[in-house]
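To start, the structure under review is shown below, and the notes come after it.
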Amino acid sequence: MGLKIVVLAKQVPDTRNVGKDAMKADGTVNRAALPAIFNPEDLNALEQALRLKEKYEGSTVTILTMGPGRAAEIIREGMYRGADNGFLLTDRAFAGSDTLATSYALSKAIEYIGKFDVIVCGRQAIDGDTAQVGPQVAEKLNLPQITYAENIVSAENGKIVVVRRLERGVETVSGPMPMVVTVNSTAPECRPRNARRLMQFKHARTITERQESNDDYVAMYSERPYLNIQEITALDIKGDAAQLGLSGSPTKVKTIENIVFQAKESKILGTSDDEIDELMKELITNHTIG
Amino acid sequence: MNNVFVYLEIEEGIVADVSLELLTKGRSLANQLNCKLEAVAIGHNLKGLEKQVFPYGVDVLHTADDARLYPYTTQPHATILIKLFEKEKPQIALMGASSIGRDLGPRVSSALHSGLTADCTSLEIGGHEDKKAGKTYTDLLYQIRPAFGGNIVATIINPDCRPQMATVREGVMKKEIFAQNHVGKIKPIEVAEYVSETDFAVSIIERHMEKSKVNIKNSSIIVAGGYGVGSRENFKLLFDLAEVIGGEVGASRAAIDAGYADKDRQIGQTGITVRPKLYIACGISGQIQHVAGMQESAIIISINNDANAPINQLADYRINGELEEVLPKMIQFYKKNTK
């Protein structure tokens with residue numbers, strides 16, 4: 001019997017490649033200057049899901065992402081790599097969500113979509129590095145969790161076995177399904193896009209995207225229902241407004257500051273033999289080294 | 001009620017450094033807030049553990065002692081903390097930003113709807129005025145952390161929800177004995193009343209814990225490389241220098257993401273925080289997240305071909321040039337001058 005697997009994925013600004021134009025003159029972050037990417041560890045999670053799908057015939061992999069309309073890009077990306085379908089959870093009501101409000105919305109969306117055996121996501125997203133959403137979703141769904149996963153060894157007979165990579169060691173654990181699993185970057189990299197799947201899913205769209213592009217492929221979407229990326233809103237998931245967005249977020253950002261380093265008076269050296277020789281002598285004399 | 005709580009991480013009967021560091025921070029916060037410092041030990045064979053923590057100023061040590069509670073698994077520890085916090089109503093709860101604290105903290109904060117800030121680099125007490133709601137708050141915990149790829153530093157508060165929870169990485173706070181003869185009270189927790197069978201659904205089949213091979217934290221000299229080093233091969237230059245002058249090699253996150261160095265060498269907010277006598281920054285631009293992990297180094301040398309690299313602001317010595325030229329010369333002249 002196949003597994004039902006959902007991958008929680010996030011579209012994130014690529015903070016690893018922050019260029020000089022990433023900050024505006026007024027000191028705020030220029031999000032537009034940063035490319036939006038599939039959160040790297042969520043790709044590791046997708047790979048684990050796809051491996052389970054290959055191992056257990058009849059399994060399905062669903063991508064769930066919360067974000068603005070353009071986050072549908074990562075659902076398509078997931079489909080190109082092997083996911084069967086995807087849901088975009090999008091609503092202005094989610095604006096200003098901290099990790100807790102995000103986890104609440106995601107957990108309600110999972111309940112709305114259906115029952116899953118494995119809920120898998122990256123350990124953390126590179127735009128916040130909090131590693132909170134996975135465990136919080138697990139708690140909201142009253143499910144057990146396995147974090148820091150490097151390899152999902154098996155998921156059969158109601159039991160999942162996972163190897164965890166911790167700061168100071170390795171653990172193999174087992175637990176009942178459904179289970180929430182968060183995956184480390186030390187897990188195998190995600191497979192690339194598959195050319196055939198790229199052709200198959202390149203027209204996958206959310207309803208909003210279809211309305212905006214104004215193309216008349218109406219027939220195509222009814223003939224090929226898999227091209228519909230479902231959009232779900234706060235109303236669909238019957239979310240309690242008090243727990244969504246800013247009002248559902250116990251943490252508030254009080255201030256944001258640009259950091260200007262207190263400039264020290266530094267000695268400026270070139271690379272000539274004499275200068276380096278002088279420096280090493282100085283460090284040895286004042287017992288910094290040696 | 002209304003006290004500062006610290007969750008203790010315990011491995012083989014030893015309280016982790018990160019927990020002791022948080023006790024030191026917790027003690028100073030408790031003094032400022034005029035409340036008590038309480039610690040929570042969940043594990044097995046905890047008798048005598050108080051000797052390790054009372055000198056750090058713990059007023060109350062809660063102990064949950066049961067064979068099933070060691071090694072750590074998520075749910076029983078989470079259930080005990082959740083119920084204990086519901087009963088004791090701490091105003092602040094701190095834990096290590098370790099693989100345990102980052103597994104446990106979010107689950108507890110979700111159940112209590114309390115809000116949690118990960119990887120704080122500084123914790124302070126202060127007030128807040130919410131002009132929209134017309135409310136003023138005093139004695140809030142300022143949870144300060146770099147954000148957004150290290151371009152900004154954010155101060156996070158939880159005005160209305162308790163406890164105010166934060167995780168902090170090992171080495172970020174300093175651990176300091178409060179008073180060698182300080183004695184607190186031990187309050188045992190009735191484990192059976194707190195946890196149920198379903199909390200033990202996840203079981204550990206195999207476990208291999210190892211001491212980290214790299215000892216950056218305690219090294220007095222660190223040669224660290226950034227993205228500017230350019231390749232794993234070039235990192236060998238750093239290892240050569242470190243070996244000759246008796247240091248360890250560290251790396252920025254950018255260098256690790258690029259595959260130039262191994263993860264256990266990462267210095268910075270999401271890596272290790274260091275305070276060496278000498279920090280040689282090679283090809284490191286100096287994002288805040290990296291700087292957060294090394295700014296207290298006594299002497300900083302920056303070697304960079306970009307004269308405008310932000311880290312130069314912090315440097316005692318700036319060498320404007322190529323690593324391939326400078327590092328071999330440093331080795332050469334060190335050898336010459338120590339002969």
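Labeling convention for the structure tokens: chains A, B, ... as they appear, residues from 1 per chain, ligands from 1 in order of appearance.
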(request) Using only C-alpha atoms, select each residue of chain B with any atom at most 7 Å away from an atom of chain A, and give the selection as a PyMOL selection string. (result) chain B and resi 99+102-103+106-107+110-111+114-115+118+147-149+151-158+160-161+201-212+245+254+277-278+313-321+326+329-330+333-334+337
Using N, CA and C atoms, can you export the residues from the last selection as a short mmCIF file (atom, residue, chain, number, x, y, z; two decimals), in the first residue's frame?
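The result, stored in again31.cif:
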data_model
loop_
_atom_site.label_atom_id
_atom_site.label_comp_id
_atom_site.auth_asym_id
_atom_site.auth_seq_id
_atom_site.Cartn_x
_atom_site.Cartn_y
_atom_site.Cartn_z
N SER B 99 20.83 20.85 19.07
CA SER B 99 19.87 19.96 18.42
C SER B 99 18.78 19.52 19.39
N ARG B 102 16.54 23.10 19.97
CA ARG B 102 15.81 23.49 18.76
C ARG B 102 14.75 22.47 18.38
N ASP B 103 14.80 21.29 18.98
CA ASP B 103 13.78 20.28 18.78
C ASP B 103 12.65 20.49 19.79
N PRO B 106 10.45 24.78 20.10
CA PRO B 106 9.29 25.10 19.28
C PRO B 106 8.04 24.34 19.71
N ARG B 107 8.22 23.10 20.10
CA ARG B 107 7.08 22.27 20.49
C ARG B 107 6.44 22.85 21.76
N SER B 110 4.74 26.18 20.99
CA SER B 110 3.50 25.99 20.25
C SER B 110 2.37 25.60 21.19
N ALA B 111 2.66 24.68 22.10
CA ALA B 111 1.62 24.22 23.03
C ALA B 111 1.17 25.35 23.96
N SER B 114 3.36 30.69 23.14
CA SER B 114 4.13 31.69 23.88
C SER B 114 5.13 32.47 23.04
N GLY B 115 5.47 31.99 21.87
CA GLY B 115 6.44 32.75 21.09
C GLY B 115 7.86 32.43 21.51
N ALA B 118 14.72 32.21 18.07
CA ALA B 118 15.83 31.27 17.94
C ALA B 118 17.16 32.01 17.83
N ALA B 147 19.26 39.07 11.50
CA ALA B 147 18.22 38.48 10.66
C ALA B 147 18.51 38.77 9.21
N PHE B 148 17.83 38.07 8.37
CA PHE B 148 17.86 38.32 6.95
C PHE B 148 19.26 38.31 6.38
N GLY B 149 19.88 37.16 6.50
CA GLY B 149 21.20 36.99 5.91
C GLY B 149 22.25 37.85 6.58
N ASN B 151 22.07 41.05 7.42
CA ASN B 151 22.15 42.46 7.04
C ASN B 151 21.55 43.39 8.08
N ILE B 152 20.74 42.80 8.95
CA ILE B 152 20.08 43.62 9.96
C ILE B 152 20.10 42.90 11.30
N VAL B 153 19.90 43.66 12.35
CA VAL B 153 19.75 43.06 13.67
C VAL B 153 18.36 43.41 14.17
N ALA B 154 17.62 42.39 14.56
CA ALA B 154 16.24 42.61 14.99
C ALA B 154 16.12 42.41 16.49
N THR B 155 15.32 43.25 17.13
CA THR B 155 14.97 43.07 18.54
C THR B 155 13.54 42.57 18.58
N ILE B 156 13.35 41.38 19.10
CA ILE B 156 12.04 40.74 19.13
C ILE B 156 11.50 40.78 20.56
N ILE B 157 10.21 41.03 20.69
CA ILE B 157 9.59 41.00 22.02
C ILE B 157 8.32 40.15 21.97
N ASN B 158 7.91 39.62 23.11
CA ASN B 158 6.61 38.96 23.22
C ASN B 158 5.83 39.75 24.26
N ASP B 160 2.64 40.06 25.10
CA ASP B 160 1.47 39.57 25.82
C ASP B 160 1.52 38.11 26.25
N CYS B 161 2.43 37.34 25.65
CA CYS B 161 2.40 35.90 25.92
C CYS B 161 3.56 35.50 26.82
N ALA B 201 6.26 7.19 22.12
CA ALA B 201 6.02 6.54 20.82
C ALA B 201 7.29 6.45 19.98
N VAL B 202 8.15 7.47 20.08
CA VAL B 202 9.39 7.44 19.32
C VAL B 202 10.48 6.82 20.20
N SER B 203 11.14 5.79 19.67
CA SER B 203 12.19 5.17 20.48
C SER B 203 13.51 5.19 19.73
N ILE B 204 14.58 5.20 20.50
CA ILE B 204 15.92 5.25 19.91
C ILE B 204 16.41 3.82 19.71
N ILE B 205 16.78 3.51 18.48
CA ILE B 205 17.27 2.16 18.18
C ILE B 205 18.79 2.11 18.37
N GLU B 206 19.44 3.17 17.93
CA GLU B 206 20.90 3.20 17.98
C GLU B 206 21.35 4.62 18.24
N ARG B 207 22.46 4.78 18.92
CA ARG B 207 22.91 6.14 19.25
C ARG B 207 24.42 6.16 19.33
N HIS B 208 25.05 7.03 18.59
CA HIS B 208 26.51 7.20 18.67
C HIS B 208 26.80 8.67 18.89
N MET B 209 27.22 9.03 20.08
CA MET B 209 27.57 10.42 20.33
C MET B 209 29.09 10.50 20.35
N GLU B 210 29.62 11.52 19.74
CA GLU B 210 31.07 11.66 19.74
C GLU B 210 31.45 13.08 20.13
N LYS B 211 32.59 13.19 20.70
CA LYS B 211 33.12 14.52 20.99
C LYS B 211 33.52 15.14 19.65
N SER B 212 33.26 16.42 19.51
CA SER B 212 33.63 17.06 18.26
C SER B 212 35.14 16.96 18.06
N ILE B 245 51.51 28.14 13.59
CA ILE B 245 51.42 29.07 14.72
C ILE B 245 50.59 28.50 15.87
N ALA B 254 29.42 31.15 4.53
CA ALA B 254 29.49 31.20 3.07
C ALA B 254 30.52 30.20 2.56
N LYS B 277 42.62 34.88 21.35
CA LYS B 277 43.59 35.98 21.48
C LYS B 277 43.85 36.59 20.11
N LEU B 278 43.87 35.73 19.09
CA LEU B 278 44.16 36.21 17.74
C LEU B 278 43.20 35.57 16.74
N GLN B 313 36.59 47.06 9.29
CA GLN B 313 36.22 48.02 10.32
C GLN B 313 36.61 47.51 11.71
N LEU B 314 36.58 46.20 11.85
CA LEU B 314 36.84 45.60 13.16
C LEU B 314 38.30 45.26 13.36
N ALA B 315 39.04 45.29 12.27
CA ALA B 315 40.39 44.72 12.31
C ALA B 315 41.39 45.63 12.98
N ASP B 316 42.31 45.01 13.73
CA ASP B 316 43.43 45.77 14.28
C ASP B 316 44.50 45.94 13.21
N TYR B 317 44.60 44.92 12.35
CA TYR B 317 45.52 45.01 11.23
C TYR B 317 44.78 44.64 9.96
N ARG B 318 44.89 45.44 8.95
CA ARG B 318 44.31 45.07 7.66
C ARG B 318 45.45 44.83 6.69
N ILE B 319 45.42 43.69 6.06
CA ILE B 319 46.41 43.45 5.02
C ILE B 319 45.66 43.40 3.70
N ASN B 320 46.02 44.33 2.86
CA ASN B 320 45.32 44.43 1.60
C ASN B 320 46.08 43.61 0.57
N GLY B 321 45.59 42.39 0.28
CA GLY B 321 46.32 41.59 -0.68
C GLY B 321 45.72 40.21 -0.86
N VAL B 326 50.12 36.29 0.95
CA VAL B 326 50.33 36.69 2.34
C VAL B 326 50.56 35.50 3.26
N LYS B 329 53.95 33.91 3.32
CA LYS B 329 54.92 34.83 3.92
C LYS B 329 54.80 34.84 5.43
N MET B 330 53.56 34.77 5.94
CA MET B 330 53.39 34.75 7.39
C MET B 330 54.07 33.52 7.97
N PHE B 333 57.96 34.05 7.78
CA PHE B 333 58.54 35.00 8.74
C PHE B 333 58.29 34.58 10.18
N TYR B 334 57.21 33.82 10.41
CA TYR B 334 57.02 33.29 11.75
C TYR B 334 58.18 32.34 12.06
N ASN B 337 61.47 34.19 12.61
CA ASN B 337 61.58 34.97 13.83
C ASN B 337 61.52 34.13 15.11
#
(message) Please return, as a PyMOL selection string, all residues of stretch 31-170 of chain A that DSSP assigns to strand (DSSP E or B) on the basis of the backbone.
(response) chain A and resi 36-38+60-66+85-89+118-122+145-156+159-166+169-170
(message) List as a list in words the protein and nucleic acid residues near stretch 51-62 of chain B, meaning an atom at most 7 Å away when only C-alpha atoms are counted, but skip any in the same chain fewer than 4 places from it.
(response)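 Those residues are Leu23, Thr24, Arg27, Lys36, Leu37, Glu38, Ala39, Val40, Ala41, Glu176, Ile177, Phe178, Ala179, Gln180, Asn181, His182, Val183, Gly184, Lys185, Ile186, Lys187, Pro188 and Ile189 of chain B.
Comparing B:Gly48, B:Pro90, B:Pro76, B:Pro163 by their smallest distance to B:Cys35, the closest is B:Pro90 (using only C-alpha atoms).
Within stretch 124-249 of chain B, residues classed as helix (DSSP H, G or I) by DSSP on backbone coordinates are Val191, Ala192, Glu193, Tyr194, Glu197, Thr198, Asp199, Phe200, Tyr227, Gly228, Val229, Arg232, Glu233, Asn234, Phe235, Lys236, Leu237, Leu238, Phe239, Asp240, Leu241, Ala242, Glu243, Val244 and Ile245 of chain B.
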(request) Skip B:Glu243 itself and residues of its chain fewer than 5 positions away, then list as a VMD selection string all residues within 10 Å of it, counting only C-alpha atoms. (result) chain B and resid 223 237 to 238 248 to 249 331
If you keep N, CA, C and O atoms, can you produce a file of those selected residues as an mmCIF file, in the first residue's frame?
data_model
loop_
_atom_site.group_PDB
_atom_site.id
_atom_site.type_symbol
_atom_site.label_atom_id
_atom_site.label_comp_id
_atom_site.auth_asym_id
_atom_site.auth_seq_id
_atom_site.Cartn_x
_atom_site.Cartn_y
_atom_site.Cartn_z
ATOM 1 N N VAL B 223 42.530 30.759 12.627
ATOM 2 C CA VAL B 223 42.702 31.228 11.258
ATOM 3 C C VAL B 223 41.406 30.869 10.545
ATOM 4 O O VAL B 223 41.083 29.689 10.396
ATOM 5 N N LEU B 237 46.074 26.393 2.693
ATOM 6 C CA LEU B 237 46.972 27.465 3.132
ATOM 7 C C LEU B 237 46.663 27.871 4.563
ATOM 8 O O LEU B 237 47.562 28.141 5.362
ATOM 9 N N LEU B 238 45.360 27.910 4.884
ATOM 10 C CA LEU B 238 44.950 28.298 6.229
ATOM 11 C C LEU B 238 45.372 27.232 7.235
ATOM 12 O O LEU B 238 45.834 27.532 8.341
ATOM 13 N N GLU B 248 43.658 26.861 15.313
ATOM 14 C CA GLU B 248 42.647 26.025 14.670
ATOM 15 C C GLU B 248 42.107 26.772 13.458
ATOM 16 O O GLU B 248 42.200 27.996 13.380
ATOM 17 N N VAL B 249 41.515 26.023 12.533
ATOM 18 C CA VAL B 249 40.933 26.659 11.350
ATOM 19 C C VAL B 249 39.419 26.755 11.516
ATOM 20 O O VAL B 249 38.753 25.784 11.873
ATOM 21 N N ILE B 331 53.904 32.390 7.285
ATOM 22 C CA ILE B 331 54.548 31.157 7.754
ATOM 23 C C ILE B 331 56.065 31.321 7.733
ATOM 24 O O ILE B 331 56.750 31.036 8.717
#
(request) Point out the residue among A:Ile207, A:Val180, A:Ile113, A:Leu89 with the least atom-to-atom distance to A:Ala234, counting only C-alpha atoms. (result)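 Under the stated criterion, the closest residue is A:Leu89.
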(request) For atom CA of A:Thr233 and atom CA of A:Val118, determine how far apart the two atoms are, in Å to one decimal place. (result)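 Taking atom CA of A:Thr233 as the start and atom CA of A:Val118 as the end point, the length is 23.0 Å.
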(request) Determine the nearest neighbour of A:Tyr56 from the options A:Arg205, A:Arg197, A:Lys4, A:Arg210, counting only C-alpha atoms. (result) A:Lys4
